[in-house]
Amino acid sequence: MAKWPLPEPMKRALELARQAAEAGEVPVGAVVVKDGRVVGEGHNLTRRDCDPSAHAEIVAMRAAGQALGSERLTWCDLYVTLEPCAMCAGAISHARIARLYYGASDLKGGGVEHGARVFSHDQCLYVPEVYSGVGEGEAAELLRGFFKERR
């Protein structure tokens with residue numbers, strides 16, 4: 001099986017996930033790209049900010065919205081190290097993200113290809129192209145290591 005090089009935005013998302021782990025946050029990182037340029041990035045900040053909505057995807061999309069001066073992130077791609085939850089999948093749809101690339105699947109809390117499967121509902125406003133498994137091994141290992149230390 002051919003192994004493709006990891007895209008630079010996913011490398012950055014993994015770097016951000018490592019920063020999250022160092023800060024005691026669940027290691028998830030996200031990067032928003034438009035026309036090959038990073039316009040927003042972030043990692044989980046739920047504990048630091050005491051904010052249940054401060055997931056990496058939300059943090060990155062907020063930064064991108066500010067940078068672009070728009071709540072619509074049309075023609076943007078989102079790279080995230082973990083399958084987005086239902087909340088984040090809903091926000092991705094509302095933002096009109098063009099393409100979603102994610103690393104590790106989340107069998108328990110995922111909202112894209114597992115769990116709620118937000119994009120498969122008729123009521124979903126907009127469905128991005130979805131590419132899973134990008135950087136999956138490294139993303140999954142970061143998560144396993146993080147939770148192993150805490151048990």
# chains A, B, ... in the order shown; residues from 1 in each chain; ligands from 1
call {"tool": "select_by_dssp", "arguments": {"residues": "chain A", "states": "strand (DSSP E)", "output": "JSON, numbers by chain"}}
result
{"A": [29, 30, 31, 32, 33, 34, 37, 38, 39, 40, 41, 42, 43, 76, 77, 78, 79, 80, 81, 82, 99, 100, 101, 102, 103, 104, 129, 130, 131, 132]}
call {"tool": "residues_around", "arguments": {"residues": "Glu138 in chain A", "least_positions_apart": "6", "cutoff": "10 Å", "atoms": "only C-alpha atoms", "output": "list in words"}}
result
Lys11, Leu14, Thr81, Gly103, Ala104 and Arg144 of chain A
call {"tool": "write_last_selection", "arguments": {"atoms": "C-alpha atoms", "output": "mmCIF file, in the first residue's frame"}}
result
data_model
loop_
_atom_site.group_PDB
_atom_site.id
_atom_site.type_symbol
_atom_site.label_atom_id
_atom_site.label_comp_id
_atom_site.auth_asym_id
_atom_site.auth_seq_id
_atom_site.Cartn_x
_atom_site.Cartn_y
_atom_site.Cartn_z
ATOM 1 C CA LYS A 11 1.330 18.392 10.234
ATOM 2 C CA LEU A 14 -0.737 17.551 14.920
ATOM 3 C CA THR A 81 -6.686 15.489 14.116
ATOM 4 C CA GLY A 103 -7.134 11.974 11.335
ATOM 5 C CA ALA A 104 -8.384 9.557 13.979
ATOM 6 C CA ARG A 144 -3.949 7.059 23.462
#
call {"tool": "closest_residue", "arguments": {"among": "A:Asp49, A:Glu25, A:Glu136, A:Glu129", "to": "Leu82 in chain A", "atoms": "only C-alpha atoms"}}
result
A:Glu136
call {"tool": "closest_residue", "arguments": {"among": "A:Met10, A:Leu73, A:Ala20, A:Cys124", "to": "Ile97 in chain A", "atoms": "only C-alpha atoms"}}
result
A:Leu73
call {"tool": "atom_distance", "arguments": {"atom1": "CA of Ala98 in chain A", "atom2": "CA of His55 in chain A"}}
result
19.3 Å
call {"tool": "closest_residue", "arguments": {"among": "A:Gly65, A:Pro52, A:Pro5, A:Gly133", "to": "Val32 in chain A", "atoms": "only C-alpha atoms"}}
result
A:Gly65
call {"tool": "atom_distance", "arguments": {"atom1": "CA of Ser132 in chain A", "atom2": "CA of Val80 in chain A"}}
result
9.8 Å
call {"tool": "closest_residue", "arguments": {"among": "A:Ala60, A:Ala54, A:Met87, A:Leu100", "to": "Val134 in chain A", "atoms": "only C-alpha atoms"}}
result
A:Leu100
call {"tool": "atom_distance", "arguments": {"atom1": "CA of Gly110 in chain A", "atom2": "CA of Met61 in chain A"}}
result
18.2 Å
call {"tool": "residues_around", "arguments": {"residues": "His43 in chain A", "least_positions_apart": "5", "cutoff": "7 Å", "atoms": "only C-alpha atoms", "output": "number ranges by chain"}}
result
A: 16-17, 20, 28-30, 55-56, 59
call {"tool": "write_last_selection", "arguments": {"atoms": "C-alpha atoms", "output": "compact mmCIF listing (two decimals), in the first residue's frame"}}
result
# COMPACT_ATOMS: atom_id res chain seq x y z
CA LEU A 16 -1.23 22.03 17.79
CA ALA A 17 -2.59 18.79 19.27
CA ALA A 20 -2.93 21.01 23.72
CA VAL A 28 -6.85 17.83 19.24
CA GLY A 29 -5.58 20.43 16.77
CA ALA A 30 -7.26 22.08 13.80
CA HIS A 55 -13.08 22.53 20.66
CA ALA A 56 -10.14 22.81 18.26
CA VAL A 59 -11.36 27.78 17.85
call {"tool": "closest_residue", "arguments": {"among": "A:Val39, A:Val127, A:Val33, A:Val26", "to": "Ala67 in chain A", "atoms": "only C-alpha atoms"}}
result
A:Val39
call {"tool": "select_by_dssp", "arguments": {"residues": "chain A", "states": "alpha helix (DSSP H)", "output": "ChimeraX atom specification"}}
result
/A:8-22,46-49,56-68,86-95,136-150
